[in-house]
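So this one's query-v2.txt, compact mmCIF, C-alpha atoms:
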```txt
# COMPACT_ATOMS: atom_id res chain seq x y z
CA MET A 266 -54.61 -28.15 57.41
CA THR A 267 -54.37 -28.27 53.66
CA GLN A 268 -50.98 -27.81 52.16
CA ILE A 269 -50.31 -24.50 50.45
CA PHE A 270 -47.97 -26.07 47.97
CA HIS A 271 -49.17 -28.98 45.94
CA PRO A 272 -46.48 -31.68 45.42
CA SER A 273 -46.24 -30.67 41.77
CA PHE A 274 -44.63 -27.43 42.92
CA ASN A 275 -41.49 -29.49 43.58
CA THR A 276 -41.13 -29.97 39.86
CA ILE A 277 -42.10 -26.41 39.05
CA SER A 278 -39.53 -24.97 41.45
CA LYS A 279 -36.82 -27.24 40.03
CA VAL A 280 -37.67 -26.15 36.51
CA THR A 281 -37.66 -22.52 37.61
CA ILE A 282 -34.20 -22.79 39.21
CA PHE A 283 -32.92 -24.67 36.18
CA GLY A 284 -34.61 -22.14 33.91
CA ALA A 285 -33.03 -19.19 35.69
CA VAL A 286 -29.61 -20.47 34.66
CA PHE A 287 -30.74 -20.41 31.08
CA PHE A 288 -32.37 -17.03 31.50
CA LEU A 289 -29.15 -15.55 32.88
CA GLY A 290 -27.00 -17.42 30.42
CA GLY A 291 -29.25 -16.28 27.62
CA GLY A 292 -28.97 -12.69 28.83
CA LEU A 293 -25.19 -12.88 28.82
CA TRP A 294 -25.16 -14.49 25.40
CA LEU A 295 -27.46 -11.79 24.08
CA THR A 296 -25.19 -9.14 25.59
CA ALA A 297 -22.17 -10.67 23.87
CA GLU A 298 -24.01 -10.86 20.58
CA VAL A 299 -25.19 -7.26 20.77
CA ASN A 300 -21.66 -6.24 21.68
CA ARG A 301 -20.39 -7.75 18.44
CA SER A 302 -23.27 -6.46 16.34
CA GLY A 303 -23.32 -3.49 14.06
CA TYR A 304 -25.39 -1.65 16.66
CA VAL A 305 -22.27 -1.30 18.80
CA THR A 306 -19.42 -1.57 16.31
CA ASN A 307 -21.07 0.61 13.66
CA GLU A 308 -20.16 -1.99 11.06
CA GLY A 309 -21.84 -1.32 7.76
CA VAL A 310 -23.32 2.02 8.83
CA VAL A 311 -23.17 4.40 5.87
CA ARG A 312 -22.31 7.87 7.07
CA GLU A 313 -23.65 11.04 5.54
CA GLN A 314 -20.87 13.39 4.53
CA PRO A 315 -20.93 17.17 4.06
CA VAL A 316 -19.77 16.65 0.46
CA HIS A 317 -21.16 13.63 -1.34
CA PHE A 318 -17.69 12.25 -2.10
CA SER A 319 -17.77 8.90 -3.87
CA HIS A 320 -14.85 6.45 -3.73
CA LYS A 321 -16.70 4.45 -6.33
CA HIS A 322 -16.44 7.26 -8.88
CA HIS A 323 -12.94 8.37 -8.03
CA VAL A 324 -11.28 4.99 -7.45
CA GLN A 325 -13.15 2.58 -9.69
CA GLY A 326 -14.38 5.07 -12.28
CA LEU A 327 -11.28 7.24 -12.62
CA GLY A 328 -8.63 4.84 -11.33
CA ILE A 329 -7.04 7.27 -8.88
CA ASP A 330 -4.61 5.63 -6.45
CA CYS A 331 -5.39 5.83 -2.72
CA ARG A 332 -2.11 7.65 -2.13
CA TYR A 333 -3.11 10.59 -4.34
CA CYS A 334 -5.41 11.60 -1.47
CA HIS A 335 -4.31 9.52 1.54
CA THR A 336 -0.73 10.59 1.06
CA SER A 337 0.84 9.61 4.38
CA VAL A 338 -0.48 6.06 4.57
CA GLU A 339 2.94 4.54 3.81
CA VAL A 340 4.94 6.58 6.25
CA SER A 341 2.74 7.52 9.18
CA SER A 342 0.27 6.12 11.68
CA SER A 343 -2.50 8.20 10.12
CA ALA A 344 -3.45 7.55 6.50
CA GLY A 345 -3.90 11.30 6.02
CA MET A 346 -6.92 13.13 4.68
CA PRO A 347 -6.84 15.11 1.44
CA SER A 348 -6.58 18.84 1.84
CA THR A 349 -9.05 20.94 -0.13
CA LYS A 350 -6.22 21.81 -2.49
CA THR A 351 -5.97 18.12 -3.41
CA CYS A 352 -9.58 18.15 -4.58
CA MET A 353 -8.99 21.40 -6.41
CA THR A 354 -6.10 20.01 -8.49
CA CYS A 355 -8.91 18.51 -10.55
CA HIS A 356 -12.02 20.38 -9.54
CA SER A 357 -10.64 23.78 -10.44
CA LEU A 358 -10.90 22.39 -13.99
CA VAL A 359 -13.59 19.68 -14.05
CA TRP A 360 -17.11 19.97 -12.64
CA THR A 361 -16.21 23.55 -11.82
CA ASN A 362 -19.79 24.72 -11.42
CA ALA A 363 -21.34 21.65 -9.85
CA GLU A 364 -23.67 22.39 -6.95
CA LEU A 365 -22.28 19.30 -5.19
CA LEU A 366 -18.88 20.91 -4.95
CA GLU A 367 -19.97 24.30 -3.62
CA LEU A 368 -18.60 23.49 -0.15
CA VAL A 369 -15.23 22.42 -1.57
CA ARG A 370 -14.84 25.67 -3.49
CA ASP A 371 -15.93 27.63 -0.43
CA SER A 372 -13.36 25.84 1.67
CA TYR A 373 -10.63 26.61 -0.83
CA ARG A 374 -11.59 30.27 -0.95
CA THR A 375 -11.96 30.83 2.78
CA ASP A 376 -9.51 28.22 4.14
CA ASP A 377 -12.25 26.81 6.38
CA SER A 378 -11.98 23.05 6.82
CA ILE A 379 -14.35 20.57 5.27
CA GLU A 380 -15.66 18.67 8.30
CA TRP A 381 -15.85 15.02 7.23
CA THR A 382 -17.78 12.66 9.45
CA ARG A 383 -15.44 10.06 10.89
CA VAL A 384 -16.19 6.54 9.79
CA HIS A 385 -13.43 4.50 11.46
CA ASP A 386 -12.56 5.48 14.98
CA LEU A 387 -10.66 3.32 17.43
CA PRO A 388 -10.94 4.22 21.11
CA ASP A 389 -8.10 6.51 22.16
CA TYR A 390 -6.57 3.78 24.37
CA ALA A 391 -5.81 1.58 21.37
CA TYR A 392 -2.82 2.41 19.17
CA PHE A 393 -2.92 1.78 15.46
CA ASP A 394 -0.36 2.49 12.75
CA HIS A 395 -0.97 2.30 9.01
CA SER A 396 2.65 2.38 7.88
CA ILE A 397 3.68 -0.94 9.43
CA HIS A 398 0.67 -2.73 7.98
CA VAL A 399 1.37 -1.37 4.49
CA LYS A 400 5.06 -2.30 4.76
CA LYS A 401 4.32 -5.84 5.90
CA GLY A 402 1.85 -6.43 3.09
CA VAL A 403 -1.64 -6.01 4.54
CA GLY A 404 -3.90 -4.69 1.79
CA CYS A 405 -6.35 -1.81 2.19
CA THR A 406 -9.22 -4.12 1.26
CA THR A 407 -8.32 -6.62 3.98
CA CYS A 408 -9.37 -4.08 6.59
CA HIS A 409 -11.54 -1.59 4.70
CA GLY A 410 -13.31 -3.89 2.25
CA GLN A 411 -14.09 -3.01 -1.36
CA VAL A 412 -13.62 0.73 -1.01
CA ASP A 413 -13.85 1.07 -4.79
CA GLY A 414 -17.48 0.02 -4.62
CA MET A 415 -18.55 2.49 -1.93
CA PRO A 416 -20.56 5.52 -3.11
CA LEU A 417 -20.39 6.74 0.50
CA MET A 418 -17.95 5.31 3.02
CA TRP A 419 -18.83 2.69 5.60
CA GLN A 420 -16.87 0.54 8.02
CA GLU A 421 -16.49 -2.98 6.71
CA ASN A 422 -15.12 -4.76 9.79
CA SER A 423 -15.87 -4.56 13.51
CA LEU A 424 -12.44 -3.07 14.43
CA GLN A 425 -12.81 -4.81 17.78
CA MET A 426 -9.81 -6.27 19.55
CA GLU A 427 -10.97 -9.76 18.66
CA TRP A 428 -10.78 -8.82 14.99
CA CYS A 429 -7.28 -7.33 15.25
CA LEU A 430 -6.07 -10.41 17.08
CA GLU A 431 -7.52 -12.82 14.57
CA CYS A 432 -4.93 -11.52 12.14
CA HIS A 433 -2.14 -10.78 14.61
CA ARG A 434 -2.21 -14.42 15.73
CA GLU A 435 -1.97 -15.78 12.19
CA PRO A 436 -0.84 -13.02 9.82
CA GLU A 437 0.09 -15.60 7.16
CA LEU A 438 -3.60 -16.07 6.39
CA PHE A 439 -4.02 -12.43 5.35
CA VAL A 440 -0.80 -10.92 3.98
CA ARG A 441 -0.07 -10.30 0.31
CA PRO A 442 2.93 -9.12 -1.74
CA ARG A 443 3.77 -5.50 -0.94
CA GLU A 444 3.27 -4.26 -4.50
CA HIS A 445 -0.38 -5.34 -4.35
CA VAL A 446 -1.33 -3.55 -1.12
CA PHE A 447 -3.26 -0.87 -3.03
CA ASP A 448 -4.87 -3.29 -5.48
CA MET A 449 -8.62 -3.35 -5.06
CA ASP A 450 -9.14 -6.75 -6.65
CA TRP A 451 -6.06 -8.77 -5.82
CA GLN A 452 -6.60 -12.49 -5.32
CA PRO A 453 -3.87 -14.92 -4.32
CA ALA A 454 -2.67 -16.72 -7.46
CA GLU A 455 -1.72 -19.73 -5.35
CA GLU A 456 -2.73 -21.29 -2.05
CA GLN A 457 -2.81 -18.44 0.54
CA ALA A 458 -1.16 -20.72 3.13
CA ALA A 459 1.90 -21.29 0.92
CA LEU A 460 2.11 -17.64 -0.18
CA GLY A 461 1.59 -16.41 3.39
CA ALA A 462 4.29 -18.66 4.80
CA ARG A 463 6.75 -17.41 2.18
CA LEU A 464 5.91 -13.73 2.79
CA VAL A 465 6.16 -14.12 6.56
CA GLU A 466 9.67 -15.42 5.96
CA GLU A 467 10.60 -12.76 3.40
CA TYR A 468 9.20 -9.70 5.20
CA ASP A 469 10.05 -11.05 8.66
CA ILE A 470 6.45 -10.71 9.83
CA GLN A 471 5.96 -11.23 13.55
CA SER A 472 2.88 -12.39 15.35
CA LEU A 473 2.31 -9.46 17.74
CA THR A 474 -0.16 -10.36 20.48
CA ASN A 475 1.47 -8.67 23.44
CA CYS A 476 -0.98 -6.25 25.10
CA SER A 477 1.54 -3.41 24.91
CA THR A 478 1.64 -3.62 21.11
CA CYS A 479 -1.69 -1.85 20.95
CA HIS A 480 -2.19 -0.50 24.47
CA ARG A 481 0.82 1.69 25.12
CA MET B 139 -4.13 21.48 5.50
CA SER B 140 -7.82 21.93 5.50
CA ALA B 141 -9.77 18.88 6.40
CA PHE B 142 -10.70 17.36 9.69
CA PHE B 143 -13.13 14.99 11.27
CA ARG B 144 -16.26 15.77 13.15
CA ASN B 145 -16.59 13.23 15.93
CA PRO B 146 -19.67 11.02 15.64
CA ARG B 147 -19.13 9.48 19.04
CA ALA B 148 -21.03 12.12 20.96
CA ALA B 149 -24.11 11.03 19.09
CA ARG B 150 -23.33 7.43 19.85
CA ARG B 151 -23.37 7.82 23.65
CA SER B 152 -26.37 5.75 24.66
CA PRO B 153 -29.20 6.85 26.90
CA TRP B 154 -29.47 3.46 28.58
CA ALA B 155 -26.96 4.19 31.30
CA VAL B 156 -29.56 6.09 33.32
CA GLY B 157 -33.00 5.26 34.58
CA LEU B 158 -32.47 1.62 35.58
CA GLY B 159 -33.29 2.16 39.28
CA GLY B 160 -36.40 -0.04 39.22
CA LYS B 161 -37.86 -1.57 42.39
CA GLY B 162 -37.64 -5.21 43.42
CA LEU B 163 -37.90 -8.08 41.02
CA GLY B 164 -39.70 -6.07 38.36
CA GLY B 165 -36.79 -3.66 38.36
CA LEU B 166 -34.27 -6.49 38.18
CA ALA B 167 -36.11 -8.11 35.32
CA THR B 168 -36.24 -4.79 33.48
CA ALA B 169 -32.56 -4.26 34.19
CA LEU B 170 -31.72 -7.71 32.86
CA ALA B 171 -33.88 -7.20 29.82
CA LEU B 172 -32.16 -3.90 29.13
CA LEU B 173 -28.66 -5.24 29.85
CA PRO B 174 -27.97 -6.11 26.22
CA LEU B 175 -28.76 -2.55 25.23
CA SER B 176 -26.29 -1.18 27.74
CA ALA B 177 -23.61 -2.77 25.58
CA GLY B 178 -23.94 0.38 23.55
CA CYS B 179 -22.59 2.51 26.37
CA ARG B 180 -19.29 4.22 25.68
CA GLN B 181 -17.01 5.59 28.30
CA ASP B 182 -14.71 8.54 28.56
CA MET B 183 -11.57 6.45 28.02
CA HIS B 184 -12.65 6.22 24.42
CA ASP B 185 -12.33 9.93 23.95
CA GLN B 186 -9.41 11.15 25.94
CA PRO B 187 -8.50 14.83 26.06
CA LYS B 188 -5.43 14.20 23.88
CA LEU B 189 -5.78 15.20 20.24
CA GLN B 190 -5.27 12.72 17.44
CA PRO B 191 -4.43 13.59 13.84
CA TYR B 192 -7.33 15.31 12.05
CA GLU B 193 -9.43 15.51 15.19
CA ALA B 194 -11.49 18.66 15.64
CA SER B 195 -10.16 20.95 18.35
CA ALA B 196 -11.95 23.67 20.27
CA PHE B 197 -8.61 25.11 21.37
CA PHE B 198 -7.34 26.47 18.07
CA GLU B 199 -9.22 29.20 16.30
CA ASP B 200 -9.45 27.35 12.99
CA GLY B 201 -10.74 24.24 14.77
CA ARG B 202 -7.98 21.91 13.59
CA ALA B 203 -5.82 19.67 15.71
CA VAL B 204 -3.37 19.29 12.83
CA ARG B 205 -1.37 22.50 12.77
CA PRO B 206 -0.11 24.17 9.61
CA ARG B 207 3.62 24.67 9.42
CA VAL B 208 4.78 27.90 10.98
CA PRO B 209 6.13 30.15 8.20
CA GLY B 210 9.90 30.14 8.06
CA THR B 211 10.32 26.70 9.61
CA VAL B 212 11.13 23.35 8.02
CA ARG B 213 10.05 19.88 9.03
CA ARG B 214 12.41 17.67 10.98
CA GLY B 215 14.80 15.81 8.72
CA ALA B 216 14.25 18.14 5.77
CA VAL B 217 17.34 18.93 3.72
CA ILE B 218 18.25 22.61 3.87
CA GLY B 219 20.85 24.53 1.95
CA ASP B 220 21.05 22.12 -1.00
CA ASP B 221 19.42 24.28 -3.70
CA HIS B 222 20.05 21.73 -6.42
CA LEU B 223 18.02 19.11 -4.53
CA THR B 224 15.25 21.31 -3.16
CA THR B 225 14.68 23.95 -5.86
CA GLY B 226 15.93 22.26 -9.02
CA ARG B 227 18.17 25.23 -9.71
CA VAL B 228 21.93 25.65 -9.71
CA ASP B 229 23.05 29.28 -9.39
CA GLY B 230 19.56 30.40 -10.36
CA GLU B 231 19.53 28.38 -13.60
CA LEU B 232 17.37 25.27 -14.13
CA ALA B 233 19.57 22.30 -13.26
CA THR B 234 20.78 20.20 -16.18
CA THR B 235 21.90 17.33 -13.95
CA PHE B 236 20.41 15.21 -11.19
CA PRO B 237 21.46 15.94 -7.59
CA PHE B 238 22.09 12.25 -6.98
CA GLU B 239 22.96 9.21 -9.04
CA VAL B 240 20.03 7.69 -10.93
CA THR B 241 19.93 3.97 -10.18
CA ALA B 242 17.42 1.25 -11.02
CA GLY B 243 15.98 1.74 -7.52
CA VAL B 244 15.40 5.45 -8.16
CA LEU B 245 13.65 4.65 -11.46
CA ALA B 246 11.41 2.08 -9.80
CA ARG B 247 10.45 4.62 -7.14
CA GLY B 248 9.84 7.19 -9.86
CA GLN B 249 7.60 4.82 -11.76
CA GLU B 250 5.51 4.17 -8.66
CA GLN B 251 5.17 7.85 -7.78
CA PHE B 252 4.43 8.80 -11.39
CA GLY B 253 1.66 6.21 -11.39
CA VAL B 254 0.13 7.70 -8.24
CA TYR B 255 0.46 11.44 -8.87
CA CYS B 256 0.86 12.08 -12.58
CA SER B 257 -0.85 9.29 -14.52
CA PRO B 258 -4.44 10.42 -13.77
CA CYS B 259 -3.84 13.32 -16.17
CA HIS B 260 -0.66 12.58 -18.14
CA ASP B 261 -1.47 8.83 -18.46
CA HIS B 262 1.04 6.04 -17.92
CA ALA B 263 2.98 6.76 -21.10
CA GLY B 264 3.09 10.53 -20.64
CA THR B 265 1.11 11.38 -23.76
CA GLY B 266 -1.30 13.62 -21.85
CA GLN B 267 -4.47 11.60 -22.31
CA GLY B 268 -5.14 10.43 -18.78
CA MET B 269 -8.54 9.57 -17.39
CA ILE B 270 -9.20 13.06 -16.03
CA VAL B 271 -8.37 14.61 -19.39
CA GLN B 272 -10.91 12.26 -20.97
CA ARG B 273 -13.42 13.70 -18.47
CA GLY B 274 -12.86 17.25 -19.58
CA LEU B 275 -9.60 18.50 -18.09
CA LYS B 276 -7.42 20.68 -20.31
CA GLN B 277 -5.09 18.37 -22.25
CA PRO B 278 -1.45 18.88 -21.31
CA SER B 279 1.27 18.61 -23.89
CA SER B 280 2.73 15.15 -24.50
CA PHE B 281 6.13 14.61 -22.85
CA HIS B 282 7.39 13.28 -26.17
CA VAL B 283 7.38 16.51 -28.16
CA GLU B 284 10.73 17.95 -29.18
CA ARG B 285 10.53 20.89 -26.75
CA LEU B 286 10.08 18.72 -23.67
CA ARG B 287 12.62 16.12 -24.77
CA GLU B 288 15.17 18.93 -24.89
CA ALA B 289 14.07 20.44 -21.58
CA ALA B 290 16.45 20.23 -18.61
CA PRO B 291 15.63 17.87 -15.69
CA GLY B 292 15.37 21.01 -13.57
CA TYR B 293 12.42 22.16 -15.70
CA PHE B 294 10.31 19.13 -14.79
CA PHE B 295 11.32 19.47 -11.16
CA ASP B 296 10.24 23.09 -11.27
CA VAL B 297 6.83 22.23 -12.75
CA ILE B 298 6.15 19.66 -10.01
CA THR B 299 7.35 22.08 -7.32
CA ASN B 300 5.66 25.29 -8.46
CA GLY B 301 2.95 24.15 -10.84
CA PHE B 302 2.53 25.21 -14.46
CA GLY B 303 -0.45 27.12 -15.86
CA ALA B 304 -3.58 25.14 -15.03
CA MET B 305 -1.60 22.43 -13.25
CA TYR B 306 -1.33 22.85 -9.48
CA ASP B 307 1.93 22.25 -7.65
CA TYR B 308 2.60 18.98 -5.83
CA SER B 309 5.26 20.21 -3.42
CA ASP B 310 3.10 19.56 -0.38
CA ARG B 311 2.60 15.93 -1.26
CA ILE B 312 5.77 14.77 -3.00
CA ALA B 313 9.14 14.98 -1.22
CA PRO B 314 12.04 16.52 -3.21
CA GLU B 315 13.82 13.16 -3.56
CA ASP B 316 10.67 11.62 -5.00
CA ARG B 317 10.19 14.57 -7.36
CA TRP B 318 13.65 13.87 -8.79
CA ALA B 319 12.78 10.18 -9.03
CA ILE B 320 9.71 11.14 -11.07
CA VAL B 321 11.83 13.36 -13.32
CA ALA B 322 14.21 10.45 -13.90
CA TYR B 323 11.26 8.26 -14.81
CA VAL B 324 9.88 10.87 -17.21
CA ARG B 325 13.29 10.88 -18.90
CA ALA B 326 13.09 7.09 -19.17
CA LEU B 327 9.61 7.39 -20.69
CA GLN B 328 10.89 9.87 -23.25
CA LEU B 329 13.72 7.53 -24.20
CA SER B 330 11.34 4.60 -24.45
CA GLN B 331 9.04 6.40 -26.90
CA ASN B 332 11.83 7.53 -29.17
CA ALA B 333 14.18 4.57 -29.03
CA THR B 334 15.76 3.07 -32.11
CA LEU B 335 17.15 -0.38 -32.64
CA GLU B 336 20.64 0.95 -32.02
CA ASP B 337 19.72 1.71 -28.39
CA VAL B 338 19.11 -1.97 -27.70
CA PRO B 339 22.14 -3.96 -26.55
CA ALA B 340 23.34 -6.30 -29.32
CA ALA B 341 22.48 -9.42 -27.37
CA GLN B 342 18.79 -8.54 -27.07
CA ARG B 343 18.56 -7.06 -30.56
CA VAL B 344 18.38 -10.47 -32.15
CA ALA B 345 15.33 -11.39 -30.12
CA LEU B 346 13.58 -8.19 -31.16
CA THR B 347 14.35 -8.32 -34.87
CA GLY B 348 13.61 -12.03 -34.84
CA GLU B 349 10.09 -11.30 -33.67
CA ALA B 350 9.45 -8.13 -35.62
CA GLY B 351 11.03 -9.35 -38.85
CA GLN B 352 8.97 -12.48 -39.43
```

Give the structure from this file in structure tokens form.
Amino acid sequence: MTQIFHPSFNTISKVTIFGAVFFLGGGLWLTAEVNRSGYVTNEGVVREQPVHFSHKHHVQGLGIDCRYCHTSVEVSSSAGMPSTKTCMTCHSLVWTNAELLELVRDSYRTDDSIEWTRVHDLPDYAYFDHSIHVKKGVGCTTCHGQVDGMPLMWQENSLQMEWCLECHREPELFVRPREHVFDMDWQPAEEQAALGARLVEEYDIQSLTNCSTCHR
Amino acid sequence: MSAFFRNPRAARRSPWAVGLGGKGLGGLATALALLPLSAGCRQDMHDQPKLQPYEASAFFEDGRAVRPRVPGTVRRGAVIGDDHLTTGRVDGELATTFPFEVTAGVLARGQEQFGVYCSPCHDHAGTGQGMIVQRGLKQPSSFHVERLREAAPGYFFDVITNGFGAMYDYSDRIAPEDRWAIVAYVRALQLSQNATLEDVPAAQRVALTGEAGQ
């Protein structure tokens, strides 16, 4: 009786078993990569907004401070969103007839909210607080990127746990003097390591990696 | 308060969670091939029934999770009963004094707050030529004219609290203590623009005249 399997099948089967490991491994690797990609994290996705509000014009062009609109960023977990009245402090007097601002004027007249599309959104099981980061010298740009160059808002970083921890493990690599938190183009004037070490000392910055810091 | 967020997550929920019930090896291979895509799945723990600041809410009629203050109430920790501090008036007259001592710390705070809230229109020196004015806003009067140099601190506090003509009020965004800090800083600005050599302490005067004189 002739053999069904030719001896060469020994090799083929070995390669197949060996290959399966790579196939599975490759699948897992791909999964991990996709999980970190913009497809999942929404990194770099520019969101359409009901009003074409441009940080580039208002921050870079006009030099308005973040706190003029995001008033509670120093004192609360939420940075705060500008009320329609905040827009109207200027737009009742400039660009008063612009088509682009129709919705803003409507909102002011009727007291209906402007429904902005959320750009940054942590899952509800993760706790985040702006005030502590501002107080301990983490700049807006460190997490949000060059906001002053964004015609429409996007998310600059992944906001995944891995990303939070990268800084929480070694905050000295990222912190800056408190008075420069709102600066859009601050650069360390000296070695970041030396500056960071000094600030960690001065502001008593802890390395918070306990799970209950963020999952509470 | 009239702004809130629409939640984009509903749109993000991926369709890959269903339809993977393939048969045999073909099914498994398909499942494995699609596994990376399933990474896009989001679960309900991401969007819990609790409301976060600025979230949209179907419960309240106006659709906002952030609630406006109920008329007749004050926020926790707000000072009540101290008219001087909260209205800038003493016995109905604009206050001519500050409700607390003006220290270097108060001035520093005032400078910061002035930079954030006032400088876009009144500019950093208070001359009324800020960036927004250059873009077409009505030009406010300079803080350095006689009339405003004579004005009581309570007057400036009142303008910030209740607005003035075309200028809106800032009472919802600047706490009373910070409003006074701004007033103190405006006073400092006024002094700075109208200072004479006699205002400089003798010790520093030499340095100034030394530079200016030669």

Worksheet entry | Neighbours of chain B in chain A at 7 Å, counting only C-alpha atoms, as an MDAnalysis selection string | chainID A and resid 292 295:296 299:300 305 327 329:330 332:333 336 343 346:349 354 358:359 376:383 388:390

Worksheet item: Using all atoms listed in the file, which of B:Val244, B:Val228, B:Val283, B:Ala345 sits nearest B:Asn332?
Response: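 Of all the options, B:Val283 lies closest to B:Asn332.
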
Discussion item. Here's a test: counting only C-alpha atoms, identify every protein, DNA and RNA residue with an atom at most 12 Å from (3.9, -3.0, 12.0) in the file's coordinate frame, and state them as a ChimeraX atom specification.
Written reply: /A:339-342,392-403,433,436,468-474,478-479

Discussion item. So that I can check the surroundings of A:Met418, please list as a list of chain:residue names every protein, DNA and RNA residue that reaches within 9 Å of it, counting only C-alpha atoms and ignoring chain neighbours fewer than 4 positions away.
Written reply: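 Residues meeting the cut-off are A:Val310, A:Val311, A:Arg312, A:Glu313, A:Gln314, A:Phe318, A:Ser319, A:His320, A:Val384, A:Val412.
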
Item to complete: Determine the nearest neighbour of A:Gly328 from the options B:Trp318, B:Arg285, B:Gly303, B:His262, counting only C-alpha atoms.
Response: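 Under the stated criterion, the closest residue is B:His262.
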
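Here atom CA of A:Thr361 and atom CA of A:His322 stand 16.6 Å from one another.
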
Worksheet entry | Point-to-point distance from atom CA of B:Gln267 to atom CA of B:Glu288, Å rounded to tenths | 21.1 Å

Practice prompt. Would you work out the distance separating atom CA of A:Glu467 from atom CA of A:Leu438, expressed in Å to one decimal?
Written response: 14.9 Å

Fill in: Spatial neighbours of B:Ala290, 7 Å, all atoms listed in the file, chain gap at least 3 places, as a ChimeraX atom specification
/B:232-234,293
